[in-house]
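Note sheet for the following structure.
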Amino acid sequence: MKLIIKYILLCMLLHIASFIKAQNDGLDSTRMYTDHQLDSIMSRKIALIAKVQGDSVILRWMPANHNLWMMGREKGYMLVRATIGAEEKVIRWDTLNNKNIIKPWPLDKMDAHFRVSQDTAFYISRGLIYDKNININAQSSFSQIMEANDYNKNNHILAVIAAARSPLAGEAMGIKYIDKGIDRKYTYNYFIKSMVDTAMIPSEVASFYINPKVPTEKVVMPTPECIGTEKTIAIRWDNTMAQYQFVMYHIDRSDDGKKWTRVTQLPFTPSVDENKHGTFSFFEYRDSVGVNYKKFYYRVVGIDHFSEEIPSAIVTGNARDHTPPDAVTDFTTENTKDNIVTLSWKKAVKESDFAGYVIGRGTNVEGPFEPIHETIVPRDAVQFIDKTADPHGFNYYVVAAVDTAQNASLQMPQLVTMHDVIPPTKPTNLKYTIDTTGAIKIDWTPYEGRDFNGYLVLYANQKDHEFTPISQGRLDRPEFLDTILINTLTKNIYYKIRTFDKNFNVSPDSDILEVTKPDIVPPVSPVFNHYDVHGKSVSISWIPSSSSDVKKQHLYRKVGTIEQAYVLYKTFDALTNKYEDTEIVGSMHYEYALEAEDATGLRSDRSYPMSVKTYNNNKLDGIKNFKAVFNPQTNTIDLKWDAASPNKQSPVRYIIYKATTPVIQQFKYIDVPTYQDSSIQQSNTWHYAVKAILDDGTESDLSPVIIVNIK
């Protein structure tokens, strides 16, 4: 009901009738808003509607926010009228109600009116204004705050209903005003403003434009329809516009369409049925009439926001028998020959309105079931022979006991077993595809028999293992999708297919389909275990990859510094475990690495490298004419020799060896074949020798040692 009332409030913000020019402020009247959305949209708004009646304009308003309405009872509203003349110019502004704030009637005035009128709806409005509220403060608990909030919301809703039920309730609550001072040669724009401090609760000024010269279009109540059920008539009407036009309803009933009885003692706000989109589709009232097949006349009376009762067109309807006869018992079926099926049953009680039987046949236990005869089977029958059964398909039968009102009762469907013992042929031509994620698609040649009833897929991890069903139920199509784990020890998985017919005959199993899993695991890397450096070659050996699917081994080599790149040097088969490299030079660094490659092209990580330093087998000519002489004039030992002449485009350097004993040590590197040694003070005897060397490491033999004595 709260949701209905929220739409009643919303309708006051939307167009109430085609002759009312109300702004909808961006709201969509065709959509369903949630409670939160409606609260957010309407929190600042005051809904204002109006209509012309004689020489007066009746105005109704209501704050959409319950808190604003609660405080408005005390603070009231200011109603201003703008009189508009020619060329749409305002010629006068008036504050209505004698320039007074419009507030609820005093309590004694409301009590006096109720004593005379005994109007219960009016009395409700008295309580809404003057009954004690639930007060809350800073010490109130959450549940107390929510209780007070719900109480105020309910009162807000009741105020809308009370104002619609009683013509004076709206005026008494200060939310209705009748402007009797209009002149039809002018048009008017009305403005309503809440006098509640906007700093406490924000609110907007609402306006409504009306032209008294334009005839008021009557609000039309939708024409209802009557739907008869067991001793009850449902009166149903479209709420597409009704939910915006009317607040509540009465139901009137008549036996002759002339003298009417009000079925509803009090006007009611109906419940709603929802369609699949979650929006309201119709309103409904159910009238219990106690008798079937008697004609009744109905009209639905809608009550609008101005308390006017508007009846619908008159419709007729009657309740009808909805009680079916008892169902048959002991229902059996038998395939007696070929496509002939005999059905038998019993029916212990044959009601006075029992008419006979309808036999239906379908291919599924859930139907649909089609009648297999043209006329109703007589009420005394206990057997029926069907000569059109499908010998290769499913034949489900139902027997419906039917009365004169077309009510029917069914027993459970029965499946007849046809005498078919020939199984389908075995599935053939099984094929598969598989990707690196383990997704498998299997297909095969379809079975063409009319009695086809599905395929079953079975699998095993070994050919000689028992095969287990894997498909979920039976498959309608000759294909199957499966997903398997790739990182397992087994390299294959195996599948078989079976075909079923509609009589549960099973084909022989298909030939076994062997599916090879894709290899996504690279092989293990080889490991170097030894090397030897010979005069003009390097011998290396290794332990090949332990992976069983290795097909090749790749040897990489780089020469020189660590910054150099590896180059693919040689490729071997899976079993090779050594190699002699003869393409080397002396005094050079070499580094080797290995990769293993399997049958699918996956490669191992590169092995841990093996580093090798080769010997230098080349020699420079020996030092010639080496001399070392003490020079007393310079107090130095002067060394000289013939310059070396290598056959390579490489500069020569010389290493001078020196010591005070025969055990000489490197002393200095120089670039020329002469040297003057002045560091000779600490001894009187010195031993010298010289060696030539190139940048690539080629060197000469050490010269003979010369001993120099200083005298």
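Letters A, B, ... go to the chains of the structure tokens in the order shown; residues in each chain start at 1; ligands are counted from 1 in the same order.
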
> If we count only C-alpha atoms, what is near A:Gln682 at a cut-off of 12 Å, once residues fewer than 4 positions away on the same chain are taken out, given as a PyMOL selection string?
Replying inline: chain A and resi 659-660+678+686+710

Save out the residues we just selected, N, CA and C atoms, as a PDB file, in the first residue's frame.
```
ATOM      1  N   ALA A 659     115.839  -8.815 -10.938  1.00  0.00           N
ATOM      2  CA  ALA A 659     115.959  -9.262  -9.543  1.00  0.00           C
ATOM      3  C   ALA A 659     117.409  -9.149  -9.118  1.00  0.00           C
ATOM      4  N   THR A 660     117.647  -9.175  -7.832  1.00  0.00           N
ATOM      5  CA  THR A 660     119.026  -9.173  -7.300  1.00  0.00           C
ATOM      6  C   THR A 660     119.546 -10.586  -7.189  1.00  0.00           C
ATOM      7  N   SER A 678     117.241   3.224 -13.434  1.00  0.00           N
ATOM      8  CA  SER A 678     117.943   4.051 -12.432  1.00  0.00           C
ATOM      9  C   SER A 678     117.703   3.559 -11.018  1.00  0.00           C
ATOM     10  N   TRP A 686     122.728  -7.215 -10.335  1.00  0.00           N
ATOM     11  CA  TRP A 686     121.362  -7.286 -10.856  1.00  0.00           C
ATOM     12  C   TRP A 686     121.272  -8.295 -11.980  1.00  0.00           C
ATOM     13  N   ILE A 710     127.879  -3.878 -10.448  1.00  0.00           N
ATOM     14  CA  ILE A 710     128.221  -2.454 -10.344  1.00  0.00           C
ATOM     15  C   ILE A 710     129.486  -2.333  -9.501  1.00  0.00           C
TER      16      ILE A 710
END
```

>> Would you pick out the contacts of stretch 61-72 of chain A at 9 Å or less, using only C-alpha atoms, so that residues sharing its chain but fewer than 5 positions from it are not included, and give the list as a PyMOL selection string?
In response: chain A and resi 6+9-10+12-13+39+42-50+77+103+129+149+152-157+159-160+170+174-177+192+194-196+201-203+206

Please produce a file of those selected residues containing N, CA, C and O atoms, as a short mmCIF file (atom, residue, chain, number, x, y, z; two decimals), in the first residue's frame.
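Just written: out09.cif:
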```cif
data_model
loop_
_atom_site.label_atom_id
_atom_site.label_comp_id
_atom_site.auth_asym_id
_atom_site.auth_seq_id
_atom_site.Cartn_x
_atom_site.Cartn_y
_atom_site.Cartn_z
N LYS A 6 2.65 6.29 -2.61
CA LYS A 6 3.74 7.07 -3.19
C LYS A 6 3.40 7.46 -4.63
O LYS A 6 3.71 8.55 -5.08
N LEU A 9 0.95 10.30 -4.53
CA LEU A 9 1.66 11.57 -4.36
C LEU A 9 2.37 11.97 -5.65
O LEU A 9 2.37 13.13 -6.05
N LEU A 10 2.97 11.01 -6.31
CA LEU A 10 3.68 11.31 -7.55
C LEU A 10 2.72 11.82 -8.61
O LEU A 10 3.07 12.72 -9.38
N MET A 12 0.29 13.70 -8.30
CA MET A 12 0.00 15.12 -8.11
C MET A 12 1.12 15.98 -8.67
O MET A 12 0.95 17.18 -8.86
N LEU A 13 2.28 15.37 -8.95
CA LEU A 13 3.37 16.09 -9.61
C LEU A 13 3.30 15.92 -11.12
O LEU A 13 3.99 16.60 -11.86
N ASP A 39 11.76 9.32 -2.88
CA ASP A 39 12.08 10.21 -1.76
C ASP A 39 13.05 11.29 -2.19
O ASP A 39 12.91 12.46 -1.81
N MET A 42 11.22 13.80 -4.69
CA MET A 42 10.11 14.59 -4.16
C MET A 42 10.42 15.32 -2.86
O MET A 42 9.56 15.98 -2.31
N SER A 43 11.64 15.19 -2.36
CA SER A 43 11.94 15.71 -1.02
C SER A 43 11.69 17.21 -0.89
O SER A 43 11.38 17.70 0.19
N ARG A 44 11.81 17.99 -1.99
CA ARG A 44 11.65 19.45 -1.91
C ARG A 44 10.31 19.92 -2.47
O ARG A 44 10.03 21.11 -2.43
N LYS A 45 9.50 19.04 -3.04
CA LYS A 45 8.38 19.46 -3.86
C LYS A 45 7.08 19.57 -3.08
O LYS A 45 6.85 18.87 -2.10
N ILE A 46 6.23 20.47 -3.55
CA ILE A 46 4.83 20.55 -3.14
C ILE A 46 4.01 20.31 -4.39
O ILE A 46 4.19 21.01 -5.40
N ALA A 47 3.14 19.30 -4.37
CA ALA A 47 2.29 19.03 -5.52
C ALA A 47 1.06 19.92 -5.44
O ALA A 47 0.40 20.01 -4.41
N LEU A 48 0.73 20.59 -6.55
CA LEU A 48 -0.42 21.49 -6.62
C LEU A 48 -1.24 21.13 -7.84
O LEU A 48 -0.71 21.05 -8.96
N ILE A 49 -2.55 20.87 -7.65
CA ILE A 49 -3.47 20.62 -8.76
C ILE A 49 -4.69 21.50 -8.56
O ILE A 49 -4.95 22.02 -7.46
N ALA A 50 -5.44 21.67 -9.65
CA ALA A 50 -6.62 22.55 -9.58
C ALA A 50 -7.61 22.15 -10.65
O ALA A 50 -7.24 21.53 -11.66
N TYR A 77 0.60 27.67 4.83
CA TYR A 77 0.99 27.91 3.45
C TYR A 77 0.50 29.28 3.01
O TYR A 77 -0.55 29.77 3.45
N LYS A 103 -3.93 27.70 7.23
CA LYS A 103 -3.56 26.72 8.25
C LYS A 103 -4.75 25.80 8.52
O LYS A 103 -5.89 26.08 8.10
N ILE A 129 -4.20 16.08 12.48
CA ILE A 129 -3.70 17.43 12.80
C ILE A 129 -3.42 17.59 14.29
O ILE A 129 -2.38 18.14 14.69
N ASN A 149 9.51 8.04 12.56
CA ASN A 149 9.55 8.31 11.12
C ASN A 149 8.44 7.56 10.39
O ASN A 149 7.75 8.12 9.53
N ASN A 152 5.04 9.19 11.13
CA ASN A 152 4.82 10.40 10.35
C ASN A 152 4.53 10.08 8.89
O ASN A 152 3.70 10.73 8.24
N LYS A 153 5.24 9.09 8.35
CA LYS A 153 4.97 8.70 6.96
C LYS A 153 3.55 8.18 6.80
O LYS A 153 2.86 8.52 5.83
N ASN A 154 3.10 7.35 7.75
CA ASN A 154 1.74 6.81 7.66
C ASN A 154 0.70 7.93 7.76
O ASN A 154 -0.31 7.91 7.04
N ASN A 155 0.92 8.88 8.65
CA ASN A 155 -0.01 10.00 8.76
C ASN A 155 -0.04 10.82 7.48
O ASN A 155 -1.09 11.33 7.06
N HIS A 156 1.10 10.99 6.86
CA HIS A 156 1.18 11.70 5.59
C HIS A 156 0.32 11.00 4.54
O HIS A 156 -0.43 11.65 3.79
N ILE A 157 0.41 9.67 4.49
CA ILE A 157 -0.39 8.89 3.54
C ILE A 157 -1.88 9.01 3.87
O ILE A 157 -2.71 9.21 2.98
N ALA A 159 -3.37 11.39 5.26
CA ALA A 159 -3.87 12.74 4.93
C ALA A 159 -4.31 12.80 3.48
O ALA A 159 -5.32 13.44 3.15
N VAL A 160 -3.56 12.16 2.57
CA VAL A 160 -3.96 12.12 1.16
C VAL A 160 -5.29 11.41 1.01
O VAL A 160 -6.19 11.86 0.29
N GLY A 170 -9.83 18.20 3.33
CA GLY A 170 -8.69 18.93 2.79
C GLY A 170 -8.64 20.36 3.30
O GLY A 170 -7.58 20.87 3.68
N GLY A 174 -5.92 22.27 5.93
CA GLY A 174 -5.12 23.36 5.37
C GLY A 174 -4.38 22.98 4.10
O GLY A 174 -3.33 23.55 3.81
N ILE A 175 -4.93 22.02 3.33
CA ILE A 175 -4.28 21.61 2.07
C ILE A 175 -5.27 21.71 0.91
O ILE A 175 -5.06 21.10 -0.14
N LYS A 176 -6.33 22.50 1.08
CA LYS A 176 -7.31 22.70 0.02
C LYS A 176 -7.88 24.10 0.17
O LYS A 176 -8.04 24.62 1.28
N TYR A 177 -8.18 24.74 -0.98
CA TYR A 177 -8.75 26.09 -0.95
C TYR A 177 -9.65 26.24 -2.17
O TYR A 177 -9.32 25.78 -3.27
N ILE A 192 1.85 28.24 -4.59
CA ILE A 192 1.73 27.81 -3.20
C ILE A 192 3.12 27.69 -2.61
O ILE A 192 4.03 27.13 -3.23
N SER A 194 5.26 26.83 1.14
CA SER A 194 5.26 26.42 2.53
C SER A 194 5.94 27.50 3.36
O SER A 194 6.98 28.05 2.96
N MET A 195 5.39 27.77 4.53
CA MET A 195 5.97 28.78 5.41
C MET A 195 6.98 28.18 6.38
O MET A 195 7.46 28.87 7.27
N VAL A 196 7.30 26.90 6.19
CA VAL A 196 8.35 26.28 7.00
C VAL A 196 9.69 26.89 6.60
O VAL A 196 9.96 27.14 5.42
N ILE A 201 13.99 22.75 6.45
CA ILE A 201 13.59 21.79 5.43
C ILE A 201 13.44 22.54 4.11
O ILE A 201 12.53 23.35 3.97
N PRO A 202 14.31 22.30 3.14
CA PRO A 202 14.20 22.99 1.85
C PRO A 202 12.89 22.62 1.15
O PRO A 202 12.43 21.49 1.22
N SER A 203 12.27 23.59 0.51
CA SER A 203 11.05 23.34 -0.25
C SER A 203 11.01 24.27 -1.45
O SER A 203 11.67 25.32 -1.46
N ALA A 206 5.41 25.78 -5.67
CA ALA A 206 4.70 25.08 -6.73
C ALA A 206 3.75 26.05 -7.41
O ALA A 206 3.23 26.98 -6.79
#
```

> What is the atom CA of A:Asp353-atom CA of A:Thr232 distance in Å, reported with one decimal?
Replying inline: 19.8 Å

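Look at A:Thr445: the protein and nucleic acid residues within 7 Å of it, using only C-alpha atoms and passing over chain neighbours fewer than 6 places away, are A:Pro427, A:Thr428, A:Asn429, A:Pro478.
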
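When atom CA of A:Val341 is paired with atom CA of A:Gly393, their separation reads 13.1 Å.
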
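The gap separating atom CA of A:Glu583 from atom CA of A:Tyr615 is 13.4 Å, in Å to one decimal.
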
>> Env of A:Asp111: 10 Å cut, atoms = only C-alpha atoms, seq-sep filter 6 positions within chain, self excluded. Answer as a VMD selection string.
In response: chain A and resid 105 117 to 118 122 to 123 126

Would you output that residue set with N, CA and C atoms, as a CSV table (one decimal), in the first residue's frame?
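This is the output file selection-v8.csv:
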```csv
chain,number,residue,atom,x,y,z
A,105,TRP,N,-7.9,24.1,10.4
A,105,TRP,CA,-9.0,24.7,11.2
A,105,TRP,C,-8.6,24.5,12.7
A,117,SER,N,-21.8,16.4,11.1
A,117,SER,CA,-21.7,15.6,9.9
A,117,SER,C,-21.5,14.1,10.2
A,118,GLN,N,-20.9,13.8,11.3
A,118,GLN,CA,-20.5,12.4,11.6
A,118,GLN,C,-19.7,11.8,10.5
A,122,PHE,N,-13.6,12.8,7.8
A,122,PHE,CA,-13.2,14.1,8.4
A,122,PHE,C,-12.6,14.0,9.8
A,123,TYR,N,-13.2,13.0,10.5
A,123,TYR,CA,-12.7,12.8,11.9
A,123,TYR,C,-11.2,12.3,11.9
A,126,ARG,N,-9.0,15.2,11.6
A,126,ARG,CA,-8.9,15.9,12.9
A,126,ARG,C,-7.7,15.3,13.7
```

> Using the chain letters and numbers from this document, which residues of stretch 426-666 of chain A does DSSP assign to strand (DSSP E or B), as a ChimeraX atom specification?
Replying inline: /A:431-434,439-443,452-460,468-469,475,479-483,492-501,506,513-516,527-533,538-543,550-559,567-573,578-581,589-598,603,610-613,619-620,627-631,636-640,652-659,665-666

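With only C-alpha atoms as the atoms that count, the residue of A:His305, A:Asp256, A:Ile84, A:Tyr244 with the shortest distance to A:Ala169 is A:His305.
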
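By only C-alpha atoms, and with residues fewer than 5 positions from A:Val263 along its chain excluded, the set lying at most 10 Å from it is His250, Ile251, Asp252, Arg253, Ser254, Asp287, Ser288 and Tyr298 of chain A.
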
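Summary of the local environment: counting only C-alpha atoms, residues at most 12 Å from A:Thr636, other than itself and those fewer than 2 positions away along its chain, are Ala628, Val629, Phe630, Asn631, Pro632, Gln633, Thr634, Asp638, Leu639, Tyr675, Gln676, Asp677, Ser678, Ser679, Ile680, Gln681, Asn684, Trp686, Val708, Asn709 and Ile710 of chain A.
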
Print the selection's residues with N, CA and C atoms to a file, as a compact mmCIF listing (two decimals), in the first residue's frame.
```txt
# COMPACT_ATOMS: atom_id res chain seq x y z
N ALA A 628 122.89 -5.61 -21.36
CA ALA A 628 122.64 -4.82 -20.15
C ALA A 628 123.98 -4.35 -19.61
N VAL A 629 124.21 -2.99 -19.56
CA VAL A 629 125.53 -2.43 -19.19
C VAL A 629 125.32 -1.31 -18.19
N PHE A 630 126.22 -1.31 -17.12
CA PHE A 630 126.18 -0.23 -16.15
C PHE A 630 126.80 1.00 -16.78
N ASN A 631 126.17 2.17 -16.64
CA ASN A 631 126.64 3.46 -17.15
C ASN A 631 127.00 4.31 -15.95
N PRO A 632 128.35 4.47 -15.66
CA PRO A 632 128.74 5.23 -14.47
C PRO A 632 128.41 6.71 -14.58
N GLN A 633 128.34 7.21 -15.79
CA GLN A 633 128.07 8.65 -15.94
C GLN A 633 126.65 8.99 -15.48
N THR A 634 125.71 8.11 -15.81
CA THR A 634 124.30 8.37 -15.42
C THR A 634 123.89 7.58 -14.20
N ASP A 638 121.81 0.39 -18.52
CA ASP A 638 121.15 0.60 -19.81
C ASP A 638 120.92 -0.75 -20.48
N LEU A 639 119.65 -0.97 -20.88
CA LEU A 639 119.26 -2.21 -21.53
C LEU A 639 118.85 -1.89 -22.96
N TYR A 675 115.81 0.51 -22.51
CA TYR A 675 115.34 0.99 -21.21
C TYR A 675 116.54 1.37 -20.37
N GLN A 676 116.42 2.45 -19.61
CA GLN A 676 117.49 2.93 -18.71
C GLN A 676 116.98 2.81 -17.29
N ASP A 677 117.58 1.85 -16.53
CA ASP A 677 117.10 1.54 -15.18
C ASP A 677 117.91 2.33 -14.17
N SER A 678 117.24 3.22 -13.43
CA SER A 678 117.94 4.05 -12.43
C SER A 678 117.70 3.56 -11.02
N SER A 679 116.85 2.58 -10.84
CA SER A 679 116.52 2.08 -9.49
C SER A 679 117.43 0.91 -9.16
N ILE A 680 118.72 1.23 -8.94
CA ILE A 680 119.71 0.15 -8.73
C ILE A 680 120.52 0.38 -7.48
N GLN A 681 120.14 1.29 -6.59
CA GLN A 681 120.97 1.67 -5.46
C GLN A 681 121.07 0.59 -4.39
N ASN A 684 124.52 -4.28 -5.60
CA ASN A 684 125.60 -4.13 -6.58
C ASN A 684 125.51 -5.15 -7.71
N TRP A 686 122.73 -7.21 -10.34
CA TRP A 686 121.36 -7.29 -10.86
C TRP A 686 121.27 -8.29 -11.98
N VAL A 708 124.52 -8.07 -14.20
CA VAL A 708 125.30 -6.81 -14.23
C VAL A 708 125.82 -6.54 -12.83
N ASN A 709 127.21 -6.39 -12.72
CA ASN A 709 127.83 -6.06 -11.44
C ASN A 709 128.24 -4.59 -11.47
N ILE A 710 127.88 -3.88 -10.45
CA ILE A 710 128.22 -2.45 -10.34
C ILE A 710 129.49 -2.33 -9.50
```

> A:Ile422: which residues within 12 Å, counting only C-alpha atoms, same-chain residues fewer than 3 positions away excluded, as a PyMOL selection string?
Replying inline: chain A and resi 391-392+418-419+425+449+451-452+500-508

Keeping only N, CA, C and O atoms, take the residues you just selected and write them out as an mmCIF file, in the first residue's frame.
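Saved file result.cif follows:
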```cif
data_model
loop_
_atom_site.group_PDB
_atom_site.id
_atom_site.type_symbol
_atom_site.label_atom_id
_atom_site.label_comp_id
_atom_site.auth_asym_id
_atom_site.auth_seq_id
_atom_site.Cartn_x
_atom_site.Cartn_y
_atom_site.Cartn_z
ATOM 1 N N PRO A 391 5.771 -45.806 -33.562
ATOM 2 C CA PRO A 391 6.474 -47.041 -33.157
ATOM 3 C C PRO A 391 7.934 -46.807 -32.811
ATOM 4 O O PRO A 391 8.557 -47.655 -32.174
ATOM 5 N N HIS A 392 8.500 -45.670 -33.239
ATOM 6 C CA HIS A 392 9.914 -45.409 -32.997
ATOM 7 C C HIS A 392 10.141 -44.238 -32.035
ATOM 8 O O HIS A 392 11.278 -43.808 -31.860
ATOM 9 N N MET A 418 6.973 -49.410 -26.422
ATOM 10 C CA MET A 418 6.756 -49.997 -27.736
ATOM 11 C C MET A 418 7.686 -51.204 -27.906
ATOM 12 O O MET A 418 8.784 -51.248 -27.348
ATOM 13 N N HIS A 419 7.248 -52.171 -28.679
ATOM 14 C CA HIS A 419 7.997 -53.420 -28.834
ATOM 15 C C HIS A 419 9.086 -53.257 -29.892
ATOM 16 O O HIS A 419 9.027 -53.808 -30.991
ATOM 17 N N THR A 425 22.691 -48.158 -34.560
ATOM 18 C CA THR A 425 24.038 -48.525 -35.004
ATOM 19 C C THR A 425 25.071 -47.788 -34.166
ATOM 20 O O THR A 425 24.798 -46.725 -33.589
ATOM 21 N N GLY A 449 18.329 -42.352 -37.323
ATOM 22 C CA GLY A 449 17.081 -43.054 -37.053
ATOM 23 C C GLY A 449 16.034 -42.161 -36.410
ATOM 24 O O GLY A 449 16.340 -41.271 -35.618
ATOM 25 N N ASP A 451 13.961 -42.964 -34.185
ATOM 26 C CA ASP A 451 13.809 -43.289 -32.771
ATOM 27 C C ASP A 451 14.978 -42.783 -31.930
ATOM 28 O O ASP A 451 15.159 -43.194 -30.785
ATOM 29 N N PHE A 452 15.764 -41.886 -32.489
ATOM 30 C CA PHE A 452 16.938 -41.352 -31.770
ATOM 31 C C PHE A 452 16.526 -40.709 -30.447
ATOM 32 O O PHE A 452 15.565 -39.942 -30.375
ATOM 33 N N PHE A 500 21.323 -43.986 -27.916
ATOM 34 C CA PHE A 500 20.103 -44.559 -27.342
ATOM 35 C C PHE A 500 18.933 -44.271 -28.275
ATOM 36 O O PHE A 500 18.874 -43.218 -28.917
ATOM 37 N N ASP A 501 17.983 -45.209 -28.331
ATOM 38 C CA ASP A 501 16.737 -44.905 -29.034
ATOM 39 C C ASP A 501 15.619 -44.688 -28.015
ATOM 40 O O ASP A 501 15.847 -44.778 -26.797
ATOM 41 N N LYS A 502 14.449 -44.382 -28.506
ATOM 42 C CA LYS A 502 13.348 -43.998 -27.628
ATOM 43 C C LYS A 502 12.776 -45.161 -26.832
ATOM 44 O O LYS A 502 11.983 -44.948 -25.914
ATOM 45 N N ASN A 503 13.159 -46.367 -27.169
ATOM 46 C CA ASN A 503 12.727 -47.526 -26.394
ATOM 47 C C ASN A 503 13.856 -48.053 -25.516
ATOM 48 O O ASN A 503 13.836 -49.209 -25.088
ATOM 49 N N PHE A 504 14.837 -47.170 -25.307
ATOM 50 C CA PHE A 504 15.942 -47.445 -24.391
ATOM 51 C C PHE A 504 16.869 -48.557 -24.886
ATOM 52 O O PHE A 504 17.604 -49.154 -24.089
ATOM 53 N N ASN A 505 16.834 -48.850 -26.170
ATOM 54 C CA ASN A 505 17.829 -49.736 -26.749
ATOM 55 C C ASN A 505 19.138 -48.956 -26.889
ATOM 56 O O ASN A 505 19.137 -47.754 -27.210
ATOM 57 N N VAL A 506 20.261 -49.645 -26.653
ATOM 58 C CA VAL A 506 21.562 -48.992 -26.629
ATOM 59 C C VAL A 506 22.437 -49.562 -27.735
ATOM 60 O O VAL A 506 22.512 -50.788 -27.920
ATOM 61 N N SER A 507 23.108 -48.686 -28.468
ATOM 62 C CA SER A 507 23.997 -49.111 -29.543
ATOM 63 C C SER A 507 25.265 -49.745 -28.972
ATOM 64 O O SER A 507 25.591 -49.560 -27.795
ATOM 65 N N PRO A 508 26.026 -50.486 -29.796
ATOM 66 C CA PRO A 508 27.385 -50.870 -29.379
ATOM 67 C C PRO A 508 28.237 -49.612 -29.190
ATOM 68 O O PRO A 508 27.985 -48.577 -29.808
#
```

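Of the listed residues A:Ala574, A:Gly356, A:Thr582, A:Gln144, the one whose atoms come nearest to A:His534 is A:Thr582, with distances taken using only C-alpha atoms.
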
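Shortest atom-to-atom contact with A:Lys491 among A:Thr223, A:Thr388, A:Thr216, A:Asn461: A:Asn461, counting only C-alpha atoms.
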